[in-house]
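File shown: target_27.cif (mmCIF, C-alpha atoms and all ligand atoms; chains and numbers go by the auth columns).
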data_entry
loop_
_atom_site.group_PDB
_atom_site.id
_atom_site.type_symbol
_atom_site.label_atom_id
_atom_site.label_comp_id
_atom_site.label_asym_id
_atom_site.label_seq_id
_atom_site.Cartn_x
_atom_site.Cartn_y
_atom_site.Cartn_z
_atom_site.B_iso_or_equiv
_atom_site.auth_seq_id
_atom_site.auth_asym_id
ATOM 1 C CA MET A 1 -84.910 168.576 -13.701 0.00 1 A
ATOM 2 C CA ASN A 2 -85.123 165.443 -15.827 0.00 2 A
ATOM 3 C CA LEU A 3 -83.135 164.927 -19.013 0.00 3 A
ATOM 4 C CA TYR A 4 -84.855 162.473 -21.336 0.00 4 A
ATOM 5 C CA GLY A 5 -82.790 160.564 -23.879 0.00 5 A
ATOM 6 C CA HIS A 6 -79.883 158.205 -24.251 0.00 6 A
ATOM 7 C CA LEU A 7 -76.217 159.084 -23.941 0.00 7 A
ATOM 8 C CA VAL A 8 -75.475 157.608 -27.384 0.00 8 A
ATOM 9 C CA SER A 9 -77.165 160.655 -28.928 0.00 9 A
ATOM 10 C CA PRO A 10 -74.447 163.300 -29.281 0.00 10 A
ATOM 11 C CA TYR A 11 -77.119 165.937 -28.655 0.00 11 A
ATOM 12 C CA VAL A 12 -77.938 164.336 -25.298 0.00 12 A
ATOM 13 C CA ALA A 13 -74.240 163.794 -24.546 0.00 13 A
ATOM 14 C CA ARG A 14 -73.347 167.474 -25.051 0.00 14 A
ATOM 15 C CA VAL A 15 -75.978 168.460 -22.467 0.00 15 A
ATOM 16 C CA VAL A 16 -74.691 165.825 -20.026 0.00 16 A
ATOM 17 C CA LEU A 17 -71.129 167.157 -20.404 0.00 17 A
ATOM 18 C CA ALA A 18 -72.217 170.787 -19.991 0.00 18 A
ATOM 19 C CA ALA A 19 -74.191 169.891 -16.852 0.00 19 A
ATOM 20 C CA GLU A 20 -71.202 167.943 -15.489 0.00 20 A
ATOM 21 C CA LEU A 21 -68.933 170.975 -15.952 0.00 21 A
ATOM 22 C CA LYS A 22 -71.466 172.998 -14.006 0.00 22 A
ATOM 23 C CA GLY A 23 -71.531 170.450 -11.197 0.00 23 A
ATOM 24 C CA ILE A 24 -75.129 169.452 -11.974 0.00 24 A
ATOM 25 C CA SER A 25 -75.947 165.755 -12.035 0.00 25 A
ATOM 26 C CA LEU A 26 -78.144 165.289 -15.092 0.00 26 A
ATOM 27 C CA GLU A 27 -78.093 161.645 -16.082 0.00 27 A
ATOM 28 C CA PRO A 28 -80.247 160.732 -19.093 0.00 28 A
ATOM 29 C CA GLN A 29 -83.569 159.126 -18.149 0.00 29 A
ATOM 30 C CA PRO A 30 -85.628 156.682 -20.216 0.00 30 A
ATOM 31 C CA ILE A 31 -88.058 158.246 -22.688 0.00 31 A
ATOM 32 C CA PRO A 32 -91.587 158.434 -21.173 0.00 32 A
ATOM 33 C CA GLY A 33 -93.794 155.868 -22.907 0.00 33 A
ATOM 34 C CA GLY A 34 -90.649 154.037 -24.013 0.00 34 A
ATOM 35 C CA ASP A 35 -90.475 155.639 -27.449 0.00 35 A
ATOM 36 C CA LEU A 36 -89.692 159.048 -28.984 0.00 36 A
ATOM 37 C CA LYS A 37 -93.013 158.931 -30.829 0.00 37 A
ATOM 38 C CA SER A 38 -95.130 157.657 -27.906 0.00 38 A
ATOM 39 C CA PRO A 39 -98.144 159.820 -26.978 0.00 39 A
ATOM 40 C CA GLU A 40 -96.625 160.315 -23.492 0.00 40 A
ATOM 41 C CA PHE A 41 -93.371 161.708 -24.864 0.00 41 A
ATOM 42 C CA LEU A 42 -94.975 163.712 -27.693 0.00 42 A
ATOM 43 C CA ALA A 43 -97.226 165.393 -25.119 0.00 43 A
ATOM 44 C CA LEU A 44 -94.048 166.653 -23.427 0.00 44 A
ATOM 45 C CA ASN A 45 -91.976 167.226 -26.546 0.00 45 A
ATOM 46 C CA PRO A 46 -93.856 167.230 -29.854 0.00 46 A
ATOM 47 C CA MET A 47 -90.506 167.409 -31.680 0.00 47 A
ATOM 48 C CA GLY A 48 -90.268 163.674 -30.941 0.00 48 A
ATOM 49 C CA LYS A 49 -86.496 163.895 -30.555 0.00 49 A
ATOM 50 C CA MET A 50 -83.984 163.567 -27.768 0.00 50 A
ATOM 51 C CA PRO A 51 -82.906 165.378 -25.679 0.00 51 A
ATOM 52 C CA ALA A 52 -85.812 166.952 -23.838 0.00 52 A
ATOM 53 C CA LEU A 53 -85.389 168.656 -20.490 0.00 53 A
ATOM 54 C CA LYS A 54 -88.296 168.576 -18.058 0.00 54 A
ATOM 55 C CA VAL A 55 -88.250 171.522 -15.659 0.00 55 A
ATOM 56 C CA GLY A 56 -91.111 171.349 -13.178 0.00 56 A
ATOM 57 C CA ASP A 57 -94.267 170.901 -15.242 0.00 57 A
ATOM 58 C CA ASP A 58 -92.631 172.334 -18.337 0.00 58 A
ATOM 59 C CA CYS A 59 -90.361 170.838 -20.951 0.00 59 A
ATOM 60 C CA ILE A 60 -87.870 172.279 -23.447 0.00 60 A
ATOM 61 C CA ALA A 61 -86.243 170.709 -26.500 0.00 61 A
ATOM 62 C CA GLU A 62 -83.172 171.292 -28.699 0.00 62 A
ATOM 63 C CA SER A 63 -79.797 170.573 -27.150 0.00 63 A
ATOM 64 C CA MET A 64 -78.220 174.005 -27.646 0.00 64 A
ATOM 65 C CA VAL A 65 -81.314 175.705 -26.217 0.00 65 A
ATOM 66 C CA ILE A 66 -81.078 173.358 -23.232 0.00 66 A
ATOM 67 C CA MET A 67 -77.395 174.302 -22.843 0.00 67 A
ATOM 68 C CA ASP A 68 -78.371 177.982 -22.935 0.00 68 A
ATOM 69 C CA TYR A 69 -81.050 177.335 -20.308 0.00 69 A
ATOM 70 C CA LEU A 70 -78.526 175.605 -18.019 0.00 70 A
ATOM 71 C CA GLU A 71 -76.141 178.519 -18.497 0.00 71 A
ATOM 72 C CA GLU A 72 -78.787 181.060 -17.510 0.00 72 A
ATOM 73 C CA ALA A 73 -80.469 179.076 -14.733 0.00 73 A
ATOM 74 C CA HIS A 74 -77.126 177.974 -13.230 0.00 74 A
ATOM 75 C CA PRO A 75 -74.729 180.774 -14.139 0.00 75 A
ATOM 76 C CA THR A 76 -71.852 179.575 -11.955 0.00 76 A
ATOM 77 C CA PRO A 77 -69.468 178.276 -13.134 0.00 77 A
ATOM 78 C CA SER A 78 -70.096 179.901 -16.470 0.00 78 A
ATOM 79 C CA LEU A 79 -69.294 177.946 -19.630 0.00 79 A
ATOM 80 C CA LEU A 80 -69.362 181.125 -21.707 0.00 80 A
ATOM 81 C CA SER A 81 -66.893 184.001 -21.786 0.00 81 A
ATOM 82 C CA GLN A 82 -67.813 187.476 -20.538 0.00 82 A
ATOM 83 C CA ASP A 83 -66.812 188.757 -23.980 0.00 83 A
ATOM 84 C CA PRO A 84 -69.914 188.978 -26.236 0.00 84 A
ATOM 85 C CA LEU A 85 -67.884 188.128 -29.331 0.00 85 A
ATOM 86 C CA LEU A 86 -66.498 184.951 -27.753 0.00 86 A
ATOM 87 C CA ARG A 87 -70.013 184.029 -26.603 0.00 87 A
ATOM 88 C CA ALA A 88 -71.206 184.421 -30.179 0.00 88 A
ATOM 89 C CA LYS A 89 -68.300 182.333 -31.435 0.00 89 A
ATOM 90 C CA ALA A 90 -69.095 179.547 -28.976 0.00 90 A
ATOM 91 C CA ARG A 91 -72.644 179.396 -30.330 0.00 91 A
ATOM 92 C CA LEU A 92 -71.375 179.662 -33.885 0.00 92 A
ATOM 93 C CA LEU A 93 -69.135 176.605 -33.451 0.00 93 A
ATOM 94 C CA GLY A 94 -72.105 174.645 -32.099 0.00 94 A
ATOM 95 C CA ARG A 95 -74.298 175.868 -34.959 0.00 95 A
ATOM 96 C CA ILE A 96 -71.730 174.837 -37.593 0.00 96 A
ATOM 97 C CA VAL A 97 -71.554 171.380 -36.030 0.00 97 A
ATOM 98 C CA ASP A 98 -75.349 171.023 -36.136 0.00 98 A
ATOM 99 C CA LEU A 99 -76.127 172.598 -39.490 0.00 99 A
ATOM 100 C CA TYR A 100 -73.100 171.532 -41.502 0.00 100 A
ATOM 101 C CA VAL A 101 -71.086 168.712 -39.879 0.00 101 A
ATOM 102 C CA MET A 102 -74.060 166.637 -38.713 0.00 102 A
ATOM 103 C CA ALA A 103 -76.748 167.578 -41.223 0.00 103 A
ATOM 104 C CA ALA A 104 -74.592 167.283 -44.328 0.00 104 A
ATOM 105 C CA THR A 105 -73.365 163.846 -43.445 0.00 105 A
ATOM 106 C CA ARG A 106 -76.659 161.928 -43.122 0.00 106 A
ATOM 107 C CA PRO A 107 -75.679 159.611 -46.022 0.00 107 A
ATOM 108 C CA LEU A 108 -72.718 158.417 -43.943 0.00 108 A
ATOM 109 C CA PHE A 109 -75.115 157.259 -41.207 0.00 109 A
ATOM 110 C CA ALA A 110 -77.453 155.659 -43.720 0.00 110 A
ATOM 111 C CA GLY A 111 -74.552 154.025 -45.570 0.00 111 A
ATOM 112 C CA LEU A 112 -73.314 152.176 -42.478 0.00 112 A
ATOM 113 C CA ASP A 113 -75.771 149.503 -43.576 0.00 113 A
ATOM 114 C CA PRO A 114 -74.214 148.291 -46.870 0.00 114 A
ATOM 115 C CA THR A 115 -77.651 147.262 -48.193 0.00 115 A
ATOM 116 C CA LYS A 116 -78.751 150.903 -47.973 0.00 116 A
ATOM 117 C CA ARG A 117 -75.495 152.457 -49.149 0.00 117 A
ATOM 118 C CA ASN A 118 -75.655 154.901 -52.037 0.00 118 A
ATOM 119 C CA GLU A 119 -72.031 155.413 -53.171 0.00 119 A
ATOM 120 C CA THR A 120 -72.727 158.769 -54.837 0.00 120 A
ATOM 121 C CA GLU A 121 -74.423 160.114 -51.736 0.00 121 A
ATOM 122 C CA VAL A 122 -71.671 158.713 -49.512 0.00 122 A
ATOM 123 C CA ALA A 123 -68.993 160.478 -51.592 0.00 123 A
ATOM 124 C CA ALA A 124 -70.931 163.763 -51.312 0.00 124 A
ATOM 125 C CA GLY A 125 -71.355 163.183 -47.569 0.00 125 A
ATOM 126 C CA LYS A 126 -67.600 162.686 -47.086 0.00 126 A
ATOM 127 C CA ASP A 127 -66.863 165.917 -48.983 0.00 127 A
ATOM 128 C CA ALA A 128 -69.491 167.815 -46.980 0.00 128 A
ATOM 129 C CA TYR A 129 -68.088 166.463 -43.690 0.00 129 A
ATOM 130 C CA LEU A 130 -64.504 167.472 -44.488 0.00 130 A
ATOM 131 C CA LYS A 131 -65.596 170.880 -45.788 0.00 131 A
ATOM 132 C CA ALA A 132 -67.626 171.561 -42.619 0.00 132 A
ATOM 133 C CA LEU A 133 -64.629 170.579 -40.451 0.00 133 A
ATOM 134 C CA SER A 134 -62.456 173.118 -42.252 0.00 134 A
ATOM 135 C CA GLN A 135 -65.143 175.792 -41.661 0.00 135 A
ATOM 136 C CA LEU A 136 -65.180 174.878 -37.980 0.00 136 A
ATOM 137 C CA GLU A 137 -61.379 175.101 -37.860 0.00 137 A
ATOM 138 C CA HIS A 138 -61.562 178.643 -39.264 0.00 138 A
ATOM 139 C CA PHE A 139 -63.595 179.949 -36.326 0.00 139 A
ATOM 140 C CA MET A 140 -61.707 178.149 -33.539 0.00 140 A
ATOM 141 C CA GLY A 141 -59.308 179.966 -31.248 0.00 141 A
ATOM 142 C CA SER A 142 -55.645 179.252 -30.674 0.00 142 A
ATOM 143 C CA GLY A 143 -56.271 176.475 -28.152 0.00 143 A
ATOM 144 C CA PRO A 144 -55.852 174.374 -26.242 0.00 144 A
ATOM 145 C CA PHE A 145 -59.660 174.359 -26.010 0.00 145 A
ATOM 146 C CA ALA A 146 -62.028 175.377 -28.789 0.00 146 A
ATOM 147 C CA LEU A 147 -61.940 179.061 -27.893 0.00 147 A
ATOM 148 C CA GLY A 148 -58.946 179.513 -25.654 0.00 148 A
ATOM 149 C CA SER A 149 -57.643 178.371 -22.323 0.00 149 A
ATOM 150 C CA THR A 150 -60.949 177.292 -20.722 0.00 150 A
ATOM 151 C CA LEU A 151 -63.057 174.230 -21.357 0.00 151 A
ATOM 152 C CA GLY A 152 -66.530 175.560 -22.109 0.00 152 A
ATOM 153 C CA TYR A 153 -69.726 175.742 -24.108 0.00 153 A
ATOM 154 C CA ALA A 154 -68.140 175.320 -27.541 0.00 154 A
ATOM 155 C CA ASP A 155 -66.180 172.244 -26.443 0.00 155 A
ATOM 156 C CA CYS A 156 -69.372 170.660 -25.059 0.00 156 A
ATOM 157 C CA ALA A 157 -71.321 171.468 -28.222 0.00 157 A
ATOM 158 C CA MET A 158 -68.584 170.051 -30.452 0.00 158 A
ATOM 159 C CA LEU A 159 -67.117 167.076 -28.623 0.00 159 A
ATOM 160 C CA PRO A 160 -69.714 164.257 -28.798 0.00 160 A
ATOM 161 C CA CYS A 161 -70.811 165.164 -32.343 0.00 161 A
ATOM 162 C CA LEU A 162 -67.256 165.218 -33.656 0.00 162 A
ATOM 163 C CA GLN A 163 -66.353 162.065 -31.734 0.00 163 A
ATOM 164 C CA LEU A 164 -69.329 160.197 -33.192 0.00 164 A
ATOM 165 C CA MET A 165 -68.599 161.477 -36.694 0.00 165 A
ATOM 166 C CA SER A 166 -64.946 160.443 -36.487 0.00 166 A
ATOM 167 C CA ILE A 167 -65.999 156.919 -35.445 0.00 167 A
ATOM 168 C CA ILE A 168 -68.359 156.803 -38.436 0.00 168 A
ATOM 169 C CA ALA A 169 -65.745 158.324 -40.765 0.00 169 A
ATOM 170 C CA SER A 170 -63.306 155.577 -39.782 0.00 170 A
ATOM 171 C CA ARG A 171 -65.752 153.089 -41.367 0.00 171 A
ATOM 172 C CA TYR A 172 -65.204 154.943 -44.653 0.00 172 A
ATOM 173 C CA ASP A 173 -61.385 154.869 -44.524 0.00 173 A
ATOM 174 C CA ILE A 174 -61.057 158.399 -43.176 0.00 174 A
ATOM 175 C CA ALA A 175 -58.494 157.443 -40.542 0.00 175 A
ATOM 176 C CA ASP A 176 -57.739 160.989 -39.375 0.00 176 A
ATOM 177 C CA PRO A 177 -60.342 163.587 -40.361 0.00 177 A
ATOM 178 C CA TYR A 178 -58.205 166.317 -38.763 0.00 178 A
ATOM 179 C CA ALA A 179 -54.992 165.453 -40.645 0.00 179 A
ATOM 180 C CA ASP A 180 -54.929 168.817 -42.473 0.00 180 A
ATOM 181 C CA LEU A 181 -56.590 170.782 -39.671 0.00 181 A
ATOM 182 C CA PRO A 182 -54.007 171.735 -37.026 0.00 182 A
ATOM 183 C CA LYS A 183 -56.409 173.455 -34.600 0.00 183 A
ATOM 184 C CA LEU A 184 -58.941 170.602 -34.580 0.00 184 A
ATOM 185 C CA SER A 185 -56.157 168.055 -34.373 0.00 185 A
ATOM 186 C CA ALA A 186 -54.530 169.761 -31.354 0.00 186 A
ATOM 187 C CA TRP A 187 -57.965 170.244 -29.738 0.00 187 A
ATOM 188 C CA TRP A 188 -58.880 166.558 -30.093 0.00 188 A
ATOM 189 C CA HIS A 189 -55.516 165.411 -28.723 0.00 189 A
ATOM 190 C CA HIS A 190 -55.773 167.826 -25.834 0.00 190 A
ATOM 191 C CA LEU A 191 -59.283 166.716 -24.845 0.00 191 A
ATOM 192 C CA GLN A 192 -58.139 163.083 -24.927 0.00 192 A
ATOM 193 C CA SER A 193 -55.266 163.777 -22.580 0.00 193 A
ATOM 194 C CA THR A 194 -56.923 165.989 -19.993 0.00 194 A
ATOM 195 C CA GLN A 195 -59.720 165.574 -17.439 0.00 195 A
ATOM 196 C CA PRO A 196 -62.688 165.618 -17.300 0.00 196 A
ATOM 197 C CA THR A 197 -62.883 165.235 -21.087 0.00 197 A
ATOM 198 C CA GLN A 198 -60.700 162.108 -21.233 0.00 198 A
ATOM 199 C CA ALA A 199 -63.153 160.246 -18.973 0.00 199 A
ATOM 200 C CA PHE A 200 -66.112 161.638 -20.909 0.00 200 A
ATOM 201 C CA ILE A 201 -64.621 160.545 -24.253 0.00 201 A
ATOM 202 C CA GLU A 202 -64.179 157.004 -22.903 0.00 202 A
ATOM 203 C CA ARG A 203 -67.720 156.961 -21.530 0.00 203 A
ATOM 204 C CA TYR A 204 -69.186 158.245 -24.778 0.00 204 A
ATOM 205 C CA GLN A 205 -67.165 155.777 -26.861 0.00 205 A
ATOM 206 C CA THR A 206 -68.504 152.902 -24.744 0.00 206 A
ATOM 207 C CA ALA A 207 -72.081 154.134 -25.326 0.00 207 A
ATOM 208 C CA VAL A 208 -71.535 154.364 -29.098 0.00 208 A
ATOM 209 C CA PHE A 209 -69.826 150.979 -29.422 0.00 209 A
ATOM 210 C CA SER A 210 -72.484 149.187 -27.383 0.00 210 A
ATOM 211 C CA PHE A 211 -75.164 150.830 -29.555 0.00 211 A
ATOM 212 C CA PHE A 212 -73.460 149.603 -32.746 0.00 212 A
ATOM 213 C CA GLN A 213 -73.045 146.155 -31.161 0.00 213 A
ATOM 214 C CA SER A 214 -76.771 146.018 -30.328 0.00 214 A
ATOM 215 C CA ARG A 215 -77.670 146.734 -33.966 0.00 215 A
ATOM 216 C CA ARG A 216 -75.677 143.789 -35.352 0.00 216 A
HETATM 217 N N1 LIG B . -81.471 169.627 -33.270 0.00 1 B
HETATM 218 C C1 LIG B . -81.790 168.629 -32.285 0.00 1 B
HETATM 219 C C2 LIG B . -81.389 167.279 -32.852 0.00 1 B
HETATM 220 C C3 LIG B . -81.861 166.141 -31.944 0.00 1 B
HETATM 221 C C4 LIG B . -81.863 164.807 -32.695 0.00 1 B
HETATM 222 O O1 LIG B . -81.893 164.757 -33.937 0.00 1 B
HETATM 223 N N2 LIG B . -81.862 163.716 -31.925 0.00 1 B
HETATM 224 C C5 LIG B . -81.957 162.414 -32.533 0.00 1 B
HETATM 225 C C6 LIG B . -81.092 161.411 -31.792 0.00 1 B
HETATM 226 S S1 LIG B . -79.379 161.678 -32.090 0.00 1 B
HETATM 227 C C7 LIG B . -83.397 161.957 -32.469 0.00 1 B
HETATM 228 O O2 LIG B . -84.026 162.061 -31.435 0.00 1 B
HETATM 229 N N3 LIG B . -83.907 161.419 -33.583 0.00 1 B
HETATM 230 C C8 LIG B . -85.209 160.856 -33.632 0.00 1 B
HETATM 231 C C9 LIG B . -85.994 161.348 -34.820 0.00 1 B
HETATM 232 O O3 LIG B . -85.529 162.263 -35.517 0.00 1 B
HETATM 233 O O4 LIG B . -87.062 160.801 -35.043 0.00 1 B
HETATM 234 C C10 LIG B . -81.054 168.918 -30.974 0.00 1 B
HETATM 235 O O5 LIG B . -80.023 169.603 -31.019 0.00 1 B
HETATM 236 O O6 LIG B . -81.537 168.515 -29.896 0.00 1 B
#
Turn this file's structure into structure tokens for me.
Ligand SMILES: N[C@@H](CCC(=O)N[C@@H](CS)C(=O)NCC(=O)O)C(=O)O
Amino acid sequence: MNLYGHLVSPYVARVVLAAELKGISLEPQPIPGGDLKSPEFLALNPMGKMPALKVGDDCIAESMVIMDYLEEAHPTPSLLSQDPLLRAKARLLGRIVDLYVMAATRPLFAGLDPTKRNETEVAAGKDAYLKALSQLEHFMGSGPFALGSTLGYADCAMLPCLQLMSIIASRYDIADPYADLPKLSAWWHHLQSTQPTQAFIERYQTAVFSFFQSRR
């Protein structure tokens, strides 16, 4: 298997973390053709986005689908509960992150460049981000991980996206996005103080900071 993409993408990073928890070494490889829109890469993945997972002669896209593939192709250790409702909740938390936390906050990414900042859109983006976090909080379990006592699928789906968004939010004076969200707050503190997530958080932070540095 080959995972194409760069760790700075939270969608790539969640797959890397899920693979690590399964004991599979899946380090991101350079994009074929050197670019997401190169003919070589588009022939493999016409979505033109990272990650893409090459399996034999085939290739699949979409990070949560790739996580589901890893779960089914390498069932042990499982990152999902045996309980169908908890499995659904794990996917729901990932879906909320993708559809609401990440998608609704595009203006915050765009606004990092002050010349492109639209204050009205940024204000709406901040509101959408905080609202989506409270929706996520609603569906989380009682801890210490996203859905109980085991680090799993939901934690992988959430962690890099929320970490990246909190770094970006800090540029907009949101010092603690989880201040009024006790479950998310406890979850974030727990992941920072336990392995293997502590090491992963440090690794991901390094990738994000060096990406920002390279854009200066
Ligand atoms: N829904 C996709 C999102 C992937 C995505 O948007 N990746 C970004 C990098 S963080 C990308 O490749 N963007 C390039 C583009 O949209 O042209 C997934 O979960 O894999």
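Relative to CA of Pro28 in chain A, CA of Leu162 in chain A is found at 20.0 Å.
For ligand LIG 1 (chain B), the neighbouring protein, DNA and RNA residues, which are those within 7 Å when all atoms listed in the file are counted, are Ser9, Pro10, Tyr11, Leu36, Gly48, Lys49, Met50, Pro51, Ala61, Glu62, Ser63, Met64 and Asp98 of chain A.
Evaluating the PyMOL selection byres (((chain A and resi 201) around 9) and not hetatm) against the shown model yields Leu159, Pro160, Gln163, Leu191, Gln192, Pro196, Thr197, Gln198, Ala199, Phe200, Glu202, Arg203, Tyr204, Gln205 and Thr206 of chain A.
Nearest residue to Ala124 in chain A among A:Ala110, A:Leu44, A:Ala104, A:Ala207 is A:Ala104, counting all atoms listed in the file.
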**OP:** Considering all atoms listed in the file, return as JSON, numbers by chain whatever protein or nucleic-acid residues lie within 10 Å of Val101 in chain A, sequence-local ones (same chain, fewer than 4 positions apart) excluded.
**Re:** {"A": [94, 95, 96, 97, 105, 106, 125, 128, 129, 130, 131, 132, 133, 134, 135, 136, 158, 161, 162, 165]}
For the selection just defined, write its residues with C-alpha atoms to a file, as a compact mmCIF listing (two decimals), in the frame of the given file.
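Saved as out.txt:
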# COMPACT_ATOMS: atom_id res chain seq x y z
CA GLY A 94 -72.10 174.64 -32.10
CA ARG A 95 -74.30 175.87 -34.96
CA ILE A 96 -71.73 174.84 -37.59
CA VAL A 97 -71.55 171.38 -36.03
CA THR A 105 -73.36 163.85 -43.44
CA ARG A 106 -76.66 161.93 -43.12
CA GLY A 125 -71.36 163.18 -47.57
CA ALA A 128 -69.49 167.82 -46.98
CA TYR A 129 -68.09 166.46 -43.69
CA LEU A 130 -64.50 167.47 -44.49
CA LYS A 131 -65.60 170.88 -45.79
CA ALA A 132 -67.63 171.56 -42.62
CA LEU A 133 -64.63 170.58 -40.45
CA SER A 134 -62.46 173.12 -42.25
CA GLN A 135 -65.14 175.79 -41.66
CA LEU A 136 -65.18 174.88 -37.98
CA MET A 158 -68.58 170.05 -30.45
CA CYS A 161 -70.81 165.16 -32.34
CA LEU A 162 -67.26 165.22 -33.66
CA MET A 165 -68.60 161.48 -36.69
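Taken over the shown file, the PyMOL selection byres (((chain A and resi 56) around 12) and not hetatm) identifies Met1, Asn2, Leu3, Leu44, Leu53, Lys54, Val55, Asp57, Asp58, Cys59 and Ile60 of chain A.
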Enclosing box along x, y and z for every listed atom of range 67-86 of chain A, padded 5 Å each side, centre and size in Å, one decimal, as lines of an AutoDock Vina configuration file:
center_x = -73.8
center_y = 181.6
center_z = -20.6
size_x = 24.6
size_y = 24.7
size_z = 27.4
**OP:** Translate the PyMOL selection byres (((chain A and resi 144-146) around 12) and not hetatm), as applied to the file shown, into an explicit residue set as a ChimeraX atom specification.
**Re:** /A:79-80,86-87,89-94,136-143,147-159,182-194,197
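Across A:Pro77, A:Pro39, A:Gly34, A:Met47, the tightest approach to Glu20 in chain A is made by A:Pro77 when counting all atoms listed in the file.
What separates CA of Arg14 in chain A from CA of Glu27 in chain A is a distance of 11.7 Å.
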Can you save range 127-140 of chain A of the given block to a file, including N, CA and C atoms and formatted as a short mmCIF file (atom, residue, chain, number, x, y, z; two decimals), in the first residue's frame?
data_model
loop_
_atom_site.label_atom_id
_atom_site.label_comp_id
_atom_site.auth_asym_id
_atom_site.auth_seq_id
_atom_site.Cartn_x
_atom_site.Cartn_y
_atom_site.Cartn_z
N ASP A 127 -18.04 31.95 14.04
CA ASP A 127 -19.31 31.48 14.62
C ASP A 127 -19.59 30.03 14.21
N ALA A 128 -19.36 29.75 12.91
CA ALA A 128 -19.63 28.40 12.40
C ALA A 128 -18.72 27.38 13.07
N TYR A 129 -17.46 27.75 13.26
CA TYR A 129 -16.48 26.86 13.91
C TYR A 129 -16.94 26.54 15.33
N LEU A 130 -17.28 27.57 16.11
CA LEU A 130 -17.64 27.34 17.51
C LEU A 130 -18.97 26.57 17.61
N LYS A 131 -19.88 26.85 16.69
CA LYS A 131 -21.15 26.11 16.69
C LYS A 131 -20.91 24.62 16.38
N ALA A 132 -20.06 24.36 15.39
CA ALA A 132 -19.78 22.96 15.02
C ALA A 132 -19.08 22.22 16.17
N LEU A 133 -18.21 22.92 16.91
CA LEU A 133 -17.56 22.28 18.06
C LEU A 133 -18.59 21.88 19.11
N SER A 134 -19.58 22.75 19.32
CA SER A 134 -20.59 22.41 20.34
C SER A 134 -21.45 21.23 19.87
N GLN A 135 -21.66 21.10 18.55
CA GLN A 135 -22.40 19.95 18.02
C GLN A 135 -21.59 18.66 18.21
N LEU A 136 -20.29 18.78 17.99
CA LEU A 136 -19.40 17.64 18.20
C LEU A 136 -19.44 17.20 19.66
N GLU A 137 -19.34 18.17 20.54
CA GLU A 137 -19.37 17.92 21.99
C GLU A 137 -20.62 17.12 22.37
N HIS A 138 -21.75 17.47 21.77
CA HIS A 138 -23.02 16.81 22.08
C HIS A 138 -22.93 15.29 21.89
N PHE A 139 -22.26 14.88 20.81
CA PHE A 139 -22.27 13.45 20.46
C PHE A 139 -21.11 12.67 21.07
N MET A 140 -20.20 13.36 21.77
CA MET A 140 -19.07 12.64 22.37
C MET A 140 -19.51 11.86 23.59
#
